[in-house]
>>> print(open('my_file_17.txt').read())   # compact mmCIF, C-alpha atoms
# COMPACT_ATOMS: atom_id res chain seq x y z
CA MET H 1 4.09 -108.22 45.56
CA HIS H 2 2.89 -105.64 47.99
CA ASP H 3 1.23 -102.43 46.84
CA GLN H 4 3.48 -99.40 47.41
CA GLN H 5 1.76 -96.59 49.37
CA PHE H 6 2.82 -93.14 48.15
CA PRO H 7 2.91 -90.39 50.78
CA GLU H 8 0.29 -87.65 50.44
CA LYS H 9 1.56 -84.35 48.96
CA SER H 10 2.20 -81.46 51.34
CA TRP H 11 -0.63 -78.88 51.20
CA TYR H 12 1.57 -76.16 49.76
CA LYS H 13 2.42 -78.40 46.78
CA THR H 14 -1.19 -78.93 45.82
CA GLY H 15 -2.95 -76.77 43.25
CA GLY H 16 -5.04 -75.04 45.90
CA GLY H 17 -2.04 -74.46 48.11
CA ILE H 18 -0.06 -72.89 45.29
CA VAL H 19 -2.93 -70.53 44.46
CA PHE H 20 -3.32 -69.58 48.14
CA LEU H 21 0.38 -68.84 48.51
CA GLY H 22 0.31 -66.75 45.34
CA ILE H 23 -2.56 -64.61 46.62
CA LEU H 24 -0.91 -64.29 50.03
CA SER H 25 2.35 -63.12 48.42
CA ILE H 26 0.51 -60.44 46.46
CA LEU H 27 -1.26 -59.18 49.60
CA VAL H 28 1.99 -59.06 51.54
CA ALA H 29 3.67 -57.13 48.71
CA LEU H 30 0.79 -54.63 48.61
CA LEU H 31 0.97 -54.11 52.39
CA ILE H 32 4.72 -53.55 52.23
CA ALA H 33 4.28 -51.02 49.42
CA PHE H 34 1.52 -49.21 51.32
CA PHE H 35 3.48 -48.89 54.55
CA SER H 36 6.57 -47.82 52.63
CA PHE H 37 4.48 -45.09 50.95
CA VAL H 38 3.16 -43.86 54.32
CA ALA H 39 6.61 -43.94 55.91
CA TYR H 40 8.05 -41.95 53.01
CA TYR H 41 5.53 -39.12 53.37
CA ILE H 42 5.88 -39.02 57.14
CA TYR H 43 9.62 -38.61 56.62
CA GLN H 44 9.11 -35.89 53.98
CA ILE H 45 6.75 -33.95 56.24
CA ARG H 46 9.07 -34.16 59.26
CA THR H 47 12.05 -33.05 57.22
CA GLY H 48 10.09 -30.18 55.67
CA ASN H 49 10.40 -31.35 52.06
CA ALA H 50 7.12 -29.70 51.11
CA SER H 51 7.78 -29.34 47.38
CA ALA H 52 8.27 -33.06 46.87
CA ILE H 53 5.04 -33.83 48.69
CA GLU H 54 3.15 -31.15 46.82
CA GLN H 55 4.32 -32.29 43.40
CA THR H 56 3.57 -35.96 44.01
CA LEU H 57 0.18 -35.40 45.59
CA GLN H 58 -0.87 -33.09 42.78
CA GLN H 59 -0.05 -35.84 40.28
CA ALA H 60 -1.57 -38.66 42.29
CA ALA H 61 -4.60 -36.99 43.86
CA PRO H 62 -5.35 -33.49 42.56
CA ASN H 63 -8.63 -33.44 44.47
CA PHE H 64 -7.03 -34.24 47.82
CA SER H 65 -8.94 -31.91 50.09
CA PHE H 66 -6.26 -31.48 52.77
CA LEU H 67 -4.16 -29.58 50.26
CA SER H 68 -7.13 -28.14 48.43
CA THR H 69 -10.09 -29.32 46.50
CA LYS H 70 -9.80 -28.54 42.81
CA THR H 71 -13.14 -29.41 41.31
CA LYS H 72 -15.30 -28.85 38.26
CA ASP H 73 -18.41 -28.46 40.37
CA THR H 74 -19.10 -26.36 43.46
CA PRO H 75 -19.61 -28.59 46.50
CA THR H 76 -21.24 -26.71 49.37
CA GLN H 77 -22.04 -27.41 52.97
CA GLN H 78 -24.30 -25.35 55.20
CA LEU H 79 -22.48 -24.20 58.31
CA GLN H 80 -23.24 -22.43 61.54
CA GLU H 81 -23.47 -18.65 61.95
CA THR H 82 -20.09 -17.18 60.96
CA THR H 83 -20.42 -13.70 62.49
CA PRO H 84 -18.53 -14.71 65.69
CA PHE H 85 -15.56 -15.70 63.52
CA ILE H 86 -15.19 -12.26 61.95
CA ARG H 87 -12.46 -10.69 64.07
CA SER H 88 -11.66 -7.01 64.34
CA PHE H 89 -8.13 -7.73 63.10
CA ASN H 90 -9.29 -9.53 59.92
CA PRO H 91 -8.68 -7.58 56.69
CA GLN H 92 -12.07 -6.71 55.20
CA ILE H 93 -13.52 -5.18 52.06
CA GLY H 94 -17.09 -3.97 51.68
CA ASP H 95 -19.88 -2.90 53.99
CA PRO H 96 -20.83 -5.49 56.63
CA SER H 97 -24.47 -4.70 55.84
CA ASN H 98 -24.08 -5.91 52.24
CA PRO H 99 -26.24 -8.93 51.37
CA VAL H 100 -23.31 -11.35 50.92
CA THR H 101 -20.67 -12.05 53.57
CA LEU H 102 -17.71 -14.13 52.39
CA LEU H 103 -14.96 -15.54 54.60
CA ALA H 104 -11.89 -16.55 52.56
CA PHE H 105 -9.43 -18.98 54.19
CA ILE H 106 -6.21 -18.57 52.23
CA ASP H 107 -2.65 -19.93 52.25
CA PHE H 108 -0.30 -17.66 50.27
CA GLU H 109 1.87 -20.60 49.18
CA CYS H 110 -1.00 -22.89 48.20
CA PRO H 111 -0.85 -23.42 44.41
CA TYR H 112 -4.63 -23.71 44.28
CA CYS H 113 -5.01 -20.35 46.03
CA GLN H 114 -2.65 -18.88 43.45
CA GLU H 115 -4.68 -20.43 40.64
CA ALA H 116 -7.95 -19.23 42.19
CA TYR H 117 -6.71 -15.66 42.69
CA PRO H 118 -7.60 -14.10 39.27
CA ALA H 119 -11.24 -15.27 39.25
CA PHE H 120 -11.63 -14.35 42.92
CA GLN H 121 -10.33 -10.83 42.25
CA GLN H 122 -12.65 -10.50 39.26
CA MET H 123 -15.60 -11.57 41.39
CA MET H 124 -14.79 -9.03 44.13
CA GLU H 125 -14.63 -6.21 41.59
CA LYS H 126 -17.83 -7.29 39.86
CA TYR H 127 -19.91 -7.64 43.04
CA ASP H 128 -18.21 -4.99 45.16
CA SER H 129 -21.47 -3.27 46.11
CA ALA H 130 -23.07 -6.54 47.23
CA ILE H 131 -20.28 -8.29 49.07
CA HIS H 132 -18.45 -8.09 52.39
CA VAL H 133 -15.15 -10.02 52.13
CA VAL H 134 -13.27 -11.16 55.24
CA PHE H 135 -9.75 -12.54 54.81
CA LYS H 136 -8.72 -15.39 57.13
CA GLN H 137 -5.15 -16.68 57.38
CA PHE H 138 -4.85 -20.46 57.03
CA PRO H 139 -1.19 -21.36 56.35
CA LEU H 140 -0.70 -25.11 55.89
CA THR H 141 2.71 -25.15 57.52
CA THR H 142 3.22 -28.93 57.37
CA ILE H 143 3.33 -28.86 53.57
CA HIS H 144 4.07 -25.22 52.71
CA ALA H 145 7.35 -24.15 54.25
CA GLN H 146 6.98 -20.45 53.36
CA ALA H 147 3.27 -20.04 54.10
CA MET H 148 3.71 -18.76 57.66
CA ALA H 149 6.34 -16.19 56.70
CA ALA H 150 4.01 -14.83 54.02
CA ALA H 151 1.12 -14.74 56.48
CA VAL H 152 3.22 -12.81 59.01
CA ALA H 153 4.40 -10.39 56.31
CA SER H 154 0.81 -9.71 55.24
CA THR H 155 -0.20 -8.86 58.82
CA CYS H 156 2.66 -6.36 58.89
CA ALA H 157 1.36 -4.82 55.66
CA GLN H 158 -2.02 -4.60 57.35
CA GLU H 159 -0.39 -2.65 60.18
CA GLN H 160 0.28 0.06 57.60
CA ASP H 161 -3.29 -0.25 56.22
CA MET H 162 -2.09 -1.79 52.99
CA PHE H 163 -3.03 -5.45 53.37
CA TRP H 164 -4.98 -5.81 50.13
CA GLU H 165 -2.30 -4.07 48.09
CA TYR H 166 0.33 -6.37 49.60
CA TYR H 167 -1.91 -9.41 49.09
CA GLU H 168 -2.20 -8.53 45.40
CA SER H 169 1.54 -7.99 45.05
CA VAL H 170 2.40 -11.35 46.63
CA PHE H 171 -0.09 -13.30 44.53
CA THR H 172 1.10 -11.54 41.39
CA SER H 173 4.81 -12.18 41.99
CA ARG H 174 4.46 -15.62 43.66
CA ASP H 175 7.86 -15.05 45.29
CA LEU H 176 7.65 -16.00 48.96
CA SER H 177 11.35 -15.91 49.73
CA ASP H 178 12.46 -13.38 52.34
CA GLU H 179 13.74 -11.18 49.53
CA GLY H 180 10.51 -11.60 47.59
CA LEU H 181 8.33 -10.65 50.56
CA LEU H 182 10.46 -7.56 51.17
CA LEU H 183 10.34 -6.63 47.49
CA ALA H 184 6.54 -6.92 47.58
CA ALA H 185 6.55 -4.47 50.49
CA THR H 186 8.65 -2.03 48.46
CA ARG H 187 6.36 -2.35 45.43
CA THR H 188 3.35 -1.78 47.66
CA GLY H 189 4.85 1.39 49.11
CA LEU H 190 5.26 0.21 52.69
CA THR H 191 7.76 1.85 54.99
CA GLU H 192 10.52 -0.75 55.02
CA SER H 193 11.85 -0.06 58.53
CA ILE H 194 8.39 -0.39 60.09
CA PHE H 195 7.66 -3.49 58.01
CA THR H 196 10.87 -5.33 58.96
CA SER H 197 10.54 -4.32 62.61
CA CYS H 198 7.02 -5.76 62.62
CA ILE H 199 8.19 -9.05 61.12
CA ASP H 200 11.03 -9.35 63.63
CA SER H 201 8.68 -8.73 66.55
CA ASP H 202 6.18 -11.37 65.40
CA ARG H 203 3.56 -9.37 67.28
CA TYR H 204 0.62 -10.53 65.19
CA ALA H 205 1.29 -14.26 65.48
CA HIS H 206 -1.68 -14.65 67.83
CA ASN H 207 -3.99 -13.26 65.13
CA ILE H 208 -2.85 -15.93 62.69
CA THR H 209 -3.25 -18.60 65.35
CA GLN H 210 -6.79 -17.39 66.02
CA ASP H 211 -7.67 -17.57 62.31
CA ILE H 212 -6.34 -21.13 62.13
CA GLN H 213 -8.42 -22.09 65.16
CA ASP H 214 -11.48 -20.44 63.60
CA GLY H 215 -10.90 -22.52 60.48
CA ILE H 216 -10.68 -25.69 62.54
CA ASP H 217 -13.90 -24.78 64.35
CA LEU H 218 -15.59 -24.22 60.98
CA ASP H 219 -14.28 -27.54 59.64
CA VAL H 220 -12.01 -25.95 57.05
CA ARG H 221 -10.05 -28.84 55.55
CA GLY H 222 -7.72 -27.04 53.17
CA THR H 223 -7.26 -24.04 50.94
CA PRO H 224 -8.78 -22.18 49.30
CA THR H 225 -12.01 -22.44 51.28
CA TYR H 226 -14.76 -19.84 51.02
CA ILE H 227 -17.76 -19.50 53.31
CA VAL H 228 -20.50 -17.56 51.53
CA ASN H 229 -23.46 -16.62 53.72
CA GLY H 230 -22.77 -19.66 55.86
CA LYS H 231 -22.17 -22.11 53.00
CA LYS H 232 -18.73 -23.67 52.72
CA ILE H 233 -17.27 -23.90 49.21
CA GLU H 234 -13.90 -25.55 48.57
CA GLY H 235 -11.50 -25.21 45.70
CA VAL H 236 -10.60 -23.34 42.54
CA LEU H 237 -13.66 -21.62 41.07
CA THR H 238 -14.09 -20.13 37.63
CA ALA H 239 -15.71 -16.76 36.96
CA ASP H 240 -18.91 -18.53 35.86
CA MET H 241 -19.00 -20.52 39.09
CA TRP H 242 -18.62 -17.34 41.10
CA ASP H 243 -21.49 -15.77 39.16
CA THR H 244 -23.73 -18.71 40.05
CA ILE H 245 -22.73 -18.59 43.71
CA MET H 246 -23.12 -14.84 44.04
CA ILE H 247 -26.46 -14.62 42.26
CA ASP H 248 -27.82 -17.44 44.40
CA ALA H 249 -26.51 -15.78 47.59
CA ILE H 250 -28.00 -12.39 46.68
CA GLN H 251 -31.36 -13.87 45.71
CA SER H 252 -31.47 -15.94 48.89
CA ARG H 253 -31.35 -12.75 50.94
>>> encode(input="my_file_17.txt", output="structure tokens")
Amino acid sequence: MHDQQFPEKSWYKTGGGIVFLGILSILVALLIAFFSFVAYYIYQIRTGNASAIEQTLQQAAPNFSFLSTKTKDTPTQQLQETTPFIRSFNPQIGDPSNPVTLLAFIDFECPYCQEAYPAFQQMMEKYDSAIHVVFKQFPLTTIHAQAMAAAVASTCAQEQDMFWEYYESVFTSRDLSDEGLLLAATRTGLTESIFTSCIDSDRYAHNITQDIQDGIDLDVRGTPTYIVNGKKIEGVLTADMWDTIMIDAIQSR
């Protein structure tokens, strides 16, 4: 009786082959999920669905710096001389000779800028004799659909020398609809006909564009971003954090 020779098992039926195929399947599934995630957000950005992106990214990555850094510490980075980036058209508070110069890159629609507003206002009032504040427009238009309209409206308030009053009204109401921006102008005491004519003309668009370019040149990644005596600070800061930053900046001078 002849011995029967059994054929060797195919590699994918062996124990090692089964394990390999299992790992490969998991990797393929992860890659599909990743590219689906990327494709979804590209679609949302292109279709202007900013609120959906904002809500999801806040839940998934609240420290995502492109939107804004929201931190419990105060990360800083020494930058180049900022004087060339202070433009004559930038809204400013305080004497330029004061010991602390602060450039604030702000997006009116940014939820972190809205959260940061009260402590920032408190800091400006507390250190008013020591600080020179320069406002810089930095609307993140790819994720904040109403940011540019609010930026334009604020430049038209500035035309009537009431930027800071309008800025306060917008951040207090948080209504960036066309009606909300007009209502903020009324509350501020702006002349409505001049205000609406300014918005329609879009004559200060180049100022906003220049601020955005200045932010890019200064490596501003998101909002709110503050540059205090040449040091870049990102995110929502508490009153205590501002005290630490301001005291250090004053003592350093």
>>> atom_distance(input="my_file_17.txt", atom1="atom CA of Leu102 of chain H", atom2="atom CA of Asn229 of chain H")
6.4 Å
>>> residues_around(input="my_file_17.txt", residues="segment 108-124 of chain H", least_positions_apart="5", cutoff="10 Å", atoms="only C-alpha atoms", output="ChimeraX atom specification")
/H:54,58,62,67-70,93-94,129-133,137-141,143-151,154,167-168,170-172,174-176,222-225,235-243,246
>>> atom_distance(input="my_file_17.txt", atom1="atom CA of Lys136 of chain H", atom2="atom CA of Asp95 of chain H")
17.0 Å
>>> atom_distance(input="my_file_17.txt", atom1="atom CA of Glu159 of chain H", atom2="atom CA of Glu125 of chain H")
23.7 Å
>>> residues_around(input="my_file_17.txt", residues="segment 196-210 of chain H", least_positions_apart="4", cutoff="7 Å", atoms="all atoms listed in the file", output="ChimeraX atom specification")
/H:137,152-153,155-156,192,214
>>> residues_around(input="my_file_17.txt", residues="Gln160 of chain H", least_positions_apart="5", cutoff="10 Å", atoms="only C-alpha atoms", output="PyMOL selection string")
chain H and resi 155+189-191+194-195
>>> build_atoms(input="my_file_17.txt", residues="segment 116-150 of chain H", atoms="N, CA and C atoms", output="CSV table (one decimal), in the coordinates of the input")
chain,number,residue,atom,x,y,z
H,116,ALA,N,-6.6,-19.8,42.0
H,116,ALA,CA,-8.0,-19.2,42.2
H,116,ALA,C,-8.0,-17.7,42.2
H,117,TYR,N,-6.8,-17.1,42.5
H,117,TYR,CA,-6.7,-15.7,42.7
H,117,TYR,C,-7.3,-14.8,41.6
H,118,PRO,N,-7.0,-15.0,40.3
H,118,PRO,CA,-7.6,-14.1,39.3
H,118,PRO,C,-9.1,-14.1,39.3
H,119,ALA,N,-9.8,-15.2,39.3
H,119,ALA,CA,-11.2,-15.3,39.2
H,119,ALA,C,-11.8,-14.7,40.5
H,120,PHE,N,-11.1,-14.9,41.7
H,120,PHE,CA,-11.6,-14.4,42.9
H,120,PHE,C,-11.6,-12.8,42.9
H,121,GLN,N,-10.5,-12.3,42.4
H,121,GLN,CA,-10.3,-10.8,42.2
H,121,GLN,C,-11.4,-10.3,41.3
H,122,GLN,N,-11.6,-10.9,40.2
H,122,GLN,CA,-12.6,-10.5,39.3
H,122,GLN,C,-14.0,-10.5,39.9
H,123,MET,N,-14.3,-11.5,40.7
H,123,MET,CA,-15.6,-11.6,41.4
H,123,MET,C,-15.8,-10.4,42.4
H,124,MET,N,-14.7,-10.1,43.2
H,124,MET,CA,-14.8,-9.0,44.1
H,124,MET,C,-15.1,-7.7,43.5
H,125,GLU,N,-14.4,-7.5,42.3
H,125,GLU,CA,-14.6,-6.2,41.6
H,125,GLU,C,-16.0,-6.1,41.0
H,126,LYS,N,-16.5,-7.3,40.5
H,126,LYS,CA,-17.8,-7.3,39.9
H,126,LYS,C,-19.0,-7.1,40.8
H,127,TYR,N,-18.8,-7.7,42.1
H,127,TYR,CA,-19.9,-7.6,43.0
H,127,TYR,C,-19.5,-6.8,44.3
H,128,ASP,N,-18.7,-5.8,44.0
H,128,ASP,CA,-18.2,-5.0,45.2
H,128,ASP,C,-19.3,-4.3,46.0
H,129,SER,N,-20.4,-4.0,45.4
H,129,SER,CA,-21.5,-3.3,46.1
H,129,SER,C,-22.4,-4.2,46.9
H,130,ALA,N,-22.2,-5.5,46.6
H,130,ALA,CA,-23.1,-6.5,47.2
H,130,ALA,C,-22.4,-7.4,48.2
H,131,ILE,N,-21.0,-7.3,48.3
H,131,ILE,CA,-20.3,-8.3,49.1
H,131,ILE,C,-19.5,-7.7,50.2
H,132,HIS,N,-19.3,-8.4,51.3
H,132,HIS,CA,-18.4,-8.1,52.4
H,132,HIS,C,-17.4,-9.2,52.5
H,133,VAL,N,-16.2,-9.0,52.1
H,133,VAL,CA,-15.2,-10.0,52.1
H,133,VAL,C,-14.3,-9.9,53.4
H,134,VAL,N,-14.1,-11.1,54.0
H,134,VAL,CA,-13.3,-11.2,55.2
H,134,VAL,C,-12.1,-12.1,55.0
H,135,PHE,N,-10.9,-11.7,55.1
H,135,PHE,CA,-9.8,-12.5,54.8
H,135,PHE,C,-9.4,-13.3,56.1
H,136,LYS,N,-9.1,-14.6,56.0
H,136,LYS,CA,-8.7,-15.4,57.1
H,136,LYS,C,-7.4,-16.1,56.8
H,137,GLN,N,-6.4,-16.0,57.6
H,137,GLN,CA,-5.2,-16.7,57.4
H,137,GLN,C,-5.3,-18.2,57.7
H,138,PHE,N,-4.8,-19.0,56.8
H,138,PHE,CA,-4.8,-20.5,57.0
H,138,PHE,C,-3.6,-21.1,56.4
H,139,PRO,N,-2.4,-20.8,56.9
H,139,PRO,CA,-1.2,-21.4,56.4
H,139,PRO,C,-1.1,-22.8,56.7
H,140,LEU,N,-0.9,-23.7,55.7
H,140,LEU,CA,-0.7,-25.1,55.9
H,140,LEU,C,0.8,-25.4,56.1
H,141,THR,N,1.3,-25.2,57.3
H,141,THR,CA,2.7,-25.2,57.5
H,141,THR,C,3.4,-26.5,57.4
H,142,THR,N,2.6,-27.6,57.5
H,142,THR,CA,3.2,-28.9,57.4
H,142,THR,C,3.6,-29.3,55.9
H,143,ILE,N,3.0,-28.6,55.0
H,143,ILE,CA,3.3,-28.9,53.6
H,143,ILE,C,3.8,-27.6,52.8
H,144,HIS,N,3.6,-26.5,53.4
H,144,HIS,CA,4.1,-25.2,52.7
H,144,HIS,C,5.0,-24.5,53.6
H,145,ALA,N,6.3,-24.6,53.3
H,145,ALA,CA,7.4,-24.2,54.2
H,145,ALA,C,7.4,-22.6,54.4
H,146,GLN,N,6.9,-21.9,53.3
H,146,GLN,CA,7.0,-20.4,53.4
H,146,GLN,C,5.6,-19.8,53.7
H,147,ALA,N,4.6,-20.6,53.9
H,147,ALA,CA,3.3,-20.0,54.1
H,147,ALA,C,3.2,-19.1,55.3
H,148,MET,N,3.8,-19.6,56.4
H,148,MET,CA,3.7,-18.8,57.7
H,148,MET,C,4.4,-17.4,57.5
H,149,ALA,N,5.6,-17.4,56.9
H,149,ALA,CA,6.3,-16.2,56.7
H,149,ALA,C,5.5,-15.2,55.9
H,150,ALA,N,4.9,-15.7,54.9
H,150,ALA,CA,4.0,-14.8,54.0
H,150,ALA,C,2.8,-14.3,54.8
